[in-house]
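Colleague: This is the structure I have questions about; it appears just below.
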Number of protein chains: 2
Amino acid sequence: MAKKVKTRDRILKTALALFNEEGEARVSTVEIAGVLEISPGNLYYHFKGKEAIIEALFDDFEEEIRQVLSAPIKSALSIEDNWIYIYIVFEEINDFRFFYHNLAGIMERCPELRARFARLMRLKEETASSILASLEREGVITLSRPERDALATRFAAHLTFWLQFAALSGETRDSRRLINNGVYSAMMMIAPYVSGDRTAFAALLSDYFSSQH
Amino acid sequence: MAKKVKTRDRILKTALALFNEEGEARVSTVEIAGVLEISPGNLYYHFKGKEAIIEALFDDFEEEIRQVLSAPIKSALSIEDNWIYIYIVFEEINDFRFFYHNLAGIMERCPELRARFARLMRLKEETASSILASLEREGVITLSRPERDALATRFAAHLTFWLQFAALSGETRDSRRLINNGVYSAMMMIAPYVSGDRTAFAALLSDYFSSQH
DNA sequence: GTCTATAAATGGATAGAC
DNA sequence: GTCTATCCATTTATAGAC
């Protein structure tokens, strides 16, 4: 039975779209209600205020990103498999980009999110680290422990900030393009540690990258 | 003759401090005036509004960072020299961190800054690239052209976002610590490309890093 | 659950006196 | 250059009817 979508969910969906487009700071509760053609009062019936909406959106984001970040540990041992995985993480972040566009500001307004977000970044780092470890066990790459730690940290930072960096660099606003470049950059981080035939790996990367344009 | 500091400059200085502490979005013109113990009207005599203040602060920042980024091309050919240079860039960014904490938001409100900021990031990248090139000419490192390009981009992104990443990771809020870790991370990016005795370089890095704690 | 109406607070901005 | 006073717009938030 195709039931009508709950107002609460419509609010979240619309708020997310507006936040991503115009930036969270420039979107008021009245505007959200206006777009939805419901009254501000109605909106306040469902959410105490903008912070509550943001927190609910973060719940969604956290759940999805956790799923993604827990997935690949078991499988995905070749490098080729892993870049699809990176691609998915970027897409997830892109769907909630308003959040990343004003991290500090949002953390000030919603202090409970601070610790949770920090935990997510740690999870990114741990996942990266364990993927690197399994790639090493397979003999695909070679790196020392400090190298692996540093690389994992770098990966976490890259996943977190690449989209913003690329958007601000300003060549394009096309998110598929930005994401592809981000995956390429991530792969280039691993390149110097690849064991054996680096030329082959570089060729592979170059192939992948140029096929995207 | 020790002249009284101009009100215009006091406004800029106080605004900068408040922006960095509380975040630009949470500081109103009235608050700035309040802290300075001048009237809002007076503040508006000197600046049309908050945007004007932000833009003036960006002028200062741009000037200083350009100086820093133009300095090292000539000298600084050893890796050891370069990390002091990275340190300085981080300190400069840290002094104007409010800006980096809400890049997207500020770009929306002050569209003229968008292109200027993009140019600064390109400058970071070019500087990194030419430093890498000269290190290579000296035989200190070895890398292919695509590797150099990717590494330079990564450096620009690292300089731009590391402080935010580290602050959000949340172990510490001490900016000296954050900066030191950022320099270490930057150095670890170069490590795999160092020619000859990598062990010596790793030891050097480890030395530097542990002496900071 | 949803609406109307409106209160309460805040922030941006200006006019005119000193 | 600086102040006082004031106005306008926006936003958050609530009370009470339907």
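Ordering of the structure tokens sets the chain letters (A, B, ...); residue numbers start at 1 within each chain; ligands are numbered from 1 in the order shown.
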Output the contact residues of chain D with respect to chain A at a cut-off of 9 Å, based on only C-alpha atoms (C1' of nucleotides), as a list in words.

Modeller: DT11, DT12, DA13 and DT14 of chain D

Colleague: Give as a ChimeraX atom specification every residue of chain C that touches chain A within 12 Å, counting only C-alpha atoms (C1' of nucleotides).

Modeller: /C:1-6

Colleague: Select residues of chain B: the criterion is any atom within 10 Å of an atom of chain A, counting only C-alpha atoms; output as number ranges by chain.

Modeller: B: 22-26, 98, 100-109, 114-115, 117-122, 143, 146-147, 150-151, 153-154, 156-158, 160-162, 164-171, 184-186, 188-189, 191-193, 202, 206

Colleague: Pick out the residues sitting within 12 Å of Asp9 (chain A), and hand them over as a ChimeraX atom specification; count only C-alpha atoms (C1' of nucleotides), and ignore anything fewer than 3 positions along from it in its own chain.

Modeller: /A:4-6,12-16,36,43,46-47,53,56-57,60

Colleague: Excluding Leu204 (chain A) and its own-chain neighbours fewer than 4 positions away, which residues fall within 12 Å of it when counting only C-alpha atoms (C1' of nucleotides)? Please give them as a PDB file with N, CA, C and O atoms, in the first residue's frame.

Modeller:
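And here is the file that came out, around_38.pdb:
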ATOM      1  N   ILE A  79      43.387  -3.561  -5.344  1.00  0.00           N
ATOM      2  CA  ILE A  79      43.301  -2.104  -5.347  1.00  0.00           C
ATOM      3  C   ILE A  79      42.129  -1.636  -6.191  1.00  0.00           C
ATOM      4  O   ILE A  79      41.423  -0.701  -5.848  1.00  0.00           O
ATOM      5  N   GLU A  80      41.902  -2.336  -7.285  1.00  0.00           N
ATOM      6  CA  GLU A  80      40.799  -1.951  -8.163  1.00  0.00           C
ATOM      7  C   GLU A  80      39.463  -1.993  -7.427  1.00  0.00           C
ATOM      8  O   GLU A  80      38.615  -1.119  -7.601  1.00  0.00           O
ATOM      9  N   TRP A  83      38.861   1.176  -5.097  1.00  0.00           N
ATOM     10  CA  TRP A  83      38.517   2.537  -5.501  1.00  0.00           C
ATOM     11  C   TRP A  83      37.025   2.732  -5.686  1.00  0.00           C
ATOM     12  O   TRP A  83      36.522   3.833  -5.536  1.00  0.00           O
ATOM     13  N   TYR A 184      41.042   9.406  -7.891  1.00  0.00           N
ATOM     14  CA  TYR A 184      42.376   9.397  -8.504  1.00  0.00           C
ATOM     15  C   TYR A 184      43.447   9.848  -7.508  1.00  0.00           C
ATOM     16  O   TYR A 184      44.482   9.189  -7.347  1.00  0.00           O
ATOM     17  N   MET A 187      44.190   7.218  -5.015  1.00  0.00           N
ATOM     18  CA  MET A 187      44.999   6.132  -5.580  1.00  0.00           C
ATOM     19  C   MET A 187      46.465   6.538  -5.712  1.00  0.00           C
ATOM     20  O   MET A 187      47.369   5.746  -5.458  1.00  0.00           O
ATOM     21  N   MET A 188      46.669   7.795  -6.081  1.00  0.00           N
ATOM     22  CA  MET A 188      48.047   8.275  -6.216  1.00  0.00           C
ATOM     23  C   MET A 188      48.782   8.299  -4.881  1.00  0.00           C
ATOM     24  O   MET A 188      50.016   8.310  -4.841  1.00  0.00           O
ATOM     25  N   ALA A 191      50.188   4.790  -4.689  1.00  0.00           N
ATOM     26  CA  ALA A 191      51.109   4.436  -5.771  1.00  0.00           C
ATOM     27  C   ALA A 191      52.553   4.166  -5.332  1.00  0.00           C
ATOM     28  O   ALA A 191      53.117   3.124  -5.695  1.00  0.00           O
ATOM     29  N   ASP A 197      55.769  -4.058 -10.054  1.00  0.00           N
ATOM     30  CA  ASP A 197      55.734  -3.252 -11.261  1.00  0.00           C
ATOM     31  C   ASP A 197      54.903  -1.971 -11.100  1.00  0.00           C
ATOM     32  O   ASP A 197      53.706  -1.948 -11.305  1.00  0.00           O
ATOM     33  N   ARG A 198      55.563  -0.906 -10.741  1.00  0.00           N
ATOM     34  CA  ARG A 198      54.851   0.357 -10.555  1.00  0.00           C
ATOM     35  C   ARG A 198      54.328   0.914 -11.859  1.00  0.00           C
ATOM     36  O   ARG A 198      53.321   1.609 -11.901  1.00  0.00           O
ATOM     37  N   THR A 199      55.023   0.635 -12.919  1.00  0.00           N
ATOM     38  CA  THR A 199      54.614   1.143 -14.225  1.00  0.00           C
ATOM     39  C   THR A 199      53.216   0.645 -14.572  1.00  0.00           C
ATOM     40  O   THR A 199      52.364   1.409 -15.036  1.00  0.00           O
ATOM     41  N   ALA A 200      52.994  -0.624 -14.312  1.00  0.00           N
ATOM     42  CA  ALA A 200      51.682  -1.202 -14.598  1.00  0.00           C
ATOM     43  C   ALA A 200      50.596  -0.504 -13.796  1.00  0.00           C
ATOM     44  O   ALA A 200      49.520  -0.199 -14.312  1.00  0.00           O
ATOM     45  N   TYR A 208      42.129   4.518 -15.910  1.00  0.00           N
ATOM     46  CA  TYR A 208      40.902   4.782 -15.170  1.00  0.00           C
ATOM     47  C   TYR A 208      40.553   6.259 -15.228  1.00  0.00           C
ATOM     48  O   TYR A 208      39.438   6.656 -15.525  1.00  0.00           O
ATOM     49  N   PHE A 209      41.541   7.052 -14.955  1.00  0.00           N
ATOM     50  CA  PHE A 209      41.300   8.475 -14.837  1.00  0.00           C
ATOM     51  C   PHE A 209      40.860   9.091 -16.162  1.00  0.00           C
ATOM     52  O   PHE A 209      39.901   9.851 -16.213  1.00  0.00           O
ATOM     53  N   SER A 210      41.549   8.729 -17.235  1.00  0.00           N
ATOM     54  CA  SER A 210      41.233   9.374 -18.513  1.00  0.00           C
ATOM     55  C   SER A 210      39.914   8.845 -19.093  1.00  0.00           C
ATOM     56  O   SER A 210      39.246   9.539 -19.847  1.00  0.00           O
ATOM     57  N   SER A 211      39.528   7.645 -18.696  1.00  0.00           N
ATOM     58  CA  SER A 211      38.261   7.111 -19.201  1.00  0.00           C
ATOM     59  C   SER A 211      37.064   7.845 -18.607  1.00  0.00           C
ATOM     60  O   SER A 211      35.939   7.670 -19.041  1.00  0.00           O
TER      61      SER A 211
END

Colleague: Per DSSP on the backbone, what are the alpha helix (DSSP H) residues of region 113-182 of chain B, as an NGL selection string?

Modeller: :B and (113-137 or 145-169 or 175-182)
